[in-house]
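K.L.:
The structure is given below, and queries will be raised subsequently.
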Amino acid sequence: FGLRMLGLFLILPVFALHAPRLAGGDNLTLVGVALGAYGLSQAILQIPFGMASDRWGRKPVIYIGLVIFAAGSFLAAAAADIWTAIAGRTLQGAGAISSVVVALAADLTREQHRTKVMAMIGAMIGLAFALSLVAAPALYEVIGMGGLFALTGVLCIAAIGVVRTLVPDVPAVTPPASAEDNAGRPRGV
């Protein structure tokens with residue numbers, strides 16, 4: 001969650017300054033659309049991603065979301081015009097896994113520790129935001145906007161590795177035994 005959010009937040013402090021260098025980037029409405037497209041596509045897809053994670057498991061859906069986010073990052077890194085940047089930001093938002101990550105955290109923690117874990121997730125978001133405000137201008141000077149988007153994609157790929165190697169799998173839940181046997185008769189009869 002933290003790696004993905006850091007990558008996302010690194011874009012915000014400098015994108016509006018960079019946009020005029022893109023074809024069509026002098027249109028402030030389109031710059032706003034490029035910034036907001038992420039949030040809109042994420043808002044639309046949070047519930048479908050959550051439902052998919054209920055059906056197919058949290059980690060597979062997280063992997064899919066991170067790959068989509070990374071693809072959007074690399075598309076935006078290659079953007080020479082505002083429309084490609086909008087498409088990249090929309091694709092980034094389509095990797096809408098925030099609700100799935102929170103659900104995974106809830107699945108992996110006991111109820112008495114869940115509040116602390118959710119607070120840690122919130123703190124990670126705040127830390128990533130604060131760090132991005134400081135780091136983004138310096139990184140932009142060194143690697144440019146394309147480099148920041150590419151770094152965002154690389155951080156997403158790193159997040160896949162973190163989820164795969166460091167995050168435990170959700171324990172399998174065995175359903176309670178039914179009061180009836182397989183033939184539909186009450187047990188013991």
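Ordering of the structure tokens sets the chain letters (A, B, ...); residue numbers start at 1 within each chain; ligands are numbered from 1 in the order shown.
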Skipping near chain neighbours, those fewer than 6 positions away, what residues fall within 7 Å of segment 22-38 of chain A using only C-alpha atoms, listed as a PyMOL selection string?

P.N.:
chain A and resi 16+80-82+85-86+89-90+92-93

K.L.:
List every residue of segment 79-183 of chain A that DSSP, applied to the backbone of this structure, places in helix (DSSP H, G or I), and write the result as a VMD selection string.

P.N.:
chain A and resid 82 to 94 98 to 108 111 to 166

K.L.:
Taking 6 positions as the minimum chain separation for residues in the same chain, which residues sit within 8 Å of Ser73 of chain A when counting only C-alpha atoms? Answer as a list in words.

P.N.:
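Answer for this query is Gly88, Arg89, Leu91, Gln92, Phe149, Ala150, Thr152 and Gly153 of chain A.
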
K.L.:
Export N, CA and C atoms of the chosen residues as a CSV table (one decimal), in the first residue's frame?

P.N.:
chain,number,residue,atom,x,y,z
A,88,GLY,N,-3.2,7.3,-19.2
A,88,GLY,CA,-2.4,6.7,-18.3
A,88,GLY,C,-2.9,6.9,-16.8
A,89,ARG,N,-3.3,8.1,-16.5
A,89,ARG,CA,-3.9,8.3,-15.2
A,89,ARG,C,-5.2,7.5,-14.9
A,91,LEU,N,-5.9,4.7,-16.4
A,91,LEU,CA,-5.5,3.3,-16.2
A,91,LEU,C,-4.9,3.0,-14.8
A,92,GLN,N,-4.1,4.0,-14.3
A,92,GLN,CA,-3.6,3.9,-13.0
A,92,GLN,C,-4.7,3.7,-12.0
A,149,PHE,N,6.8,9.0,-13.5
A,149,PHE,CA,5.8,8.0,-13.8
A,149,PHE,C,6.4,6.6,-13.9
A,150,ALA,N,7.6,6.5,-14.5
A,150,ALA,CA,8.3,5.2,-14.6
A,150,ALA,C,8.6,4.7,-13.2
A,152,THR,N,7.0,5.4,-10.5
A,152,THR,CA,5.7,4.9,-9.9
A,152,THR,C,5.4,3.5,-10.4
A,153,GLY,N,5.7,3.2,-11.7
A,153,GLY,CA,5.5,1.8,-12.2
A,153,GLY,C,6.4,0.8,-11.5

K.L.:
For Met145 of chain A, please output as an MDAnalysis selection string all residues within 7 Å (counting only C-alpha atoms; exclusion window: fewer than 4 positions along the same chain).

P.N.:
chainID A and resid 18 77 140 149

K.L.:
Report, in Å with one decimal, the straight-line distance from atom CA of Gln46 of chain A to atom CA of Ala96 of chain A.

P.N.:
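Value for the atom CA of Gln46 of chain A-atom CA of Ala96 of chain A distance: 5.4 Å.
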
K.L.:
Would you give me, as a Markdown table, each residue of segment 120-170 of chain A having an atom within 12 Å of an atom of segment 56-64 of chain A, along with its shortest atom pair and that distance in Å to one decimal, using only C-alpha atoms and sorting by chain and residue number?

P.N.:
| residue | atom | partner | partner_atom | distance |
| --- | --- | --- | --- | --- |
| A:Cys156 | CA | A:Tyr63 | CA | 9.5 |
| A:Ile157 | CA | A:Tyr63 | CA | 9.2 |
| A:Ala158 | CA | A:Tyr63 | CA | 11.0 |
| A:Ala159 | CA | A:Tyr63 | CA | 8.9 |
| A:Ile160 | CA | A:Tyr63 | CA | 6.1 |
| A:Gly161 | CA | A:Tyr63 | CA | 9.4 |
| A:Val162 | CA | A:Tyr63 | CA | 10.7 |
| A:Val163 | CA | A:Lys59 | CA | 7.5 |
| A:Arg164 | CA | A:Lys59 | CA | 8.1 |
| A:Thr165 | CA | A:Lys59 | CA | 11.4 |
| A:Leu166 | CA | A:Lys59 | CA | 11.8 |
| A:Val167 | CA | A:Lys59 | CA | 9.0 |
| A:Pro168 | CA | A:Lys59 | CA | 9.5 |
| A:Asp169 | CA | A:Lys59 | CA | 7.7 |
| A:Val170 | CA | A:Arg58 | CA | 8.1 |

K.L.:
Could you name the residues that touch segment 113-115 of chain A at 12 Å or less, counting only C-alpha atoms, but leaving out those on the same chain fewer than 6 positions away, as a tab-separated table (two decimals) with N, CA, C and O atoms, in the first residue's frame?

P.N.:
chain	number	residue	atom	x	y	z
A	102	VAL	N	-7.15	-3.19	2.26
A	102	VAL	CA	-7.73	-3.04	3.61
A	102	VAL	C	-8.43	-4.33	4.02
A	102	VAL	O	-8.32	-4.76	5.17
A	103	ALA	N	-9.14	-4.96	3.09
A	103	ALA	CA	-9.81	-6.23	3.41
A	103	ALA	C	-8.78	-7.32	3.74
A	103	ALA	O	-8.99	-8.11	4.67
A	104	LEU	N	-7.67	-7.35	3.00
A	104	LEU	CA	-6.62	-8.32	3.30
A	104	LEU	C	-6.04	-8.08	4.69
A	104	LEU	O	-5.84	-9.02	5.45
A	105	ALA	N	-5.81	-6.82	5.02
A	105	ALA	CA	-5.30	-6.50	6.35
A	105	ALA	C	-6.28	-6.96	7.42
A	105	ALA	O	-5.88	-7.50	8.45
A	106	ALA	N	-7.56	-6.76	7.17
A	106	ALA	CA	-8.58	-7.21	8.13
A	106	ALA	C	-8.60	-8.74	8.23
A	106	ALA	O	-8.74	-9.29	9.33
A	107	ASP	N	-8.43	-9.41	7.10
A	107	ASP	CA	-8.42	-10.88	7.09
A	107	ASP	C	-7.24	-11.45	7.87
A	107	ASP	O	-7.34	-12.53	8.45
A	121	ILE	N	-2.00	1.69	8.43
A	121	ILE	CA	-2.24	1.93	7.00
A	121	ILE	C	-2.46	3.42	6.78
A	121	ILE	O	-1.89	4.02	5.86
A	122	GLY	N	-3.26	4.05	7.62
A	122	GLY	CA	-3.49	5.49	7.51
A	122	GLY	C	-2.21	6.29	7.70
A	122	GLY	O	-1.96	7.26	6.98

K.L.:
So that I can see what lies close to Leu148 of chain A, please list as number ranges by chain the residues with an atom at most 8 Å from it, counting only C-alpha atoms and leaving out residues fewer than 4 positions away in the same chain.

P.N.:
A: 7, 10-11, 77, 136, 139-140, 143-144, 152

K.L.:
Using Å and a single decimal, report how far atom CA of Ala94 of chain A sits from atom CA of Phe49 of chain A.

P.N.:
9.4 Å

K.L.:
Taking the chain letters and numbering used in this document, name the residues of chain A that DSSP puts in strand (DSSP E or B), as number ranges by chain.

P.N.:
A: 23, 81, 180, 186

K.L.:
Could you tell me how far atom CA of Ala78 of chain A lies from atom CA of Pro20 of chain A, in Å and to one decimal?

P.N.:
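A separation of 15.5 Å between them.
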
K.L.:
Restricting the calculation to only C-alpha atoms: of A:Leu3, A:Met51, A:Met124, A:Ala87, which residue gets closest to Ala71 of chain A?

P.N.:
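Smallest separation from Ala71 of chain A among the options: A:Ala87.
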
K.L.:
Looking at only C-alpha atoms, which of A:Ala79, A:Leu108, A:Pro48, A:Leu8 is the one that sits closest to Gly146 of chain A?

P.N.:
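Under the stated criterion, the closest residue is A:Ala79.
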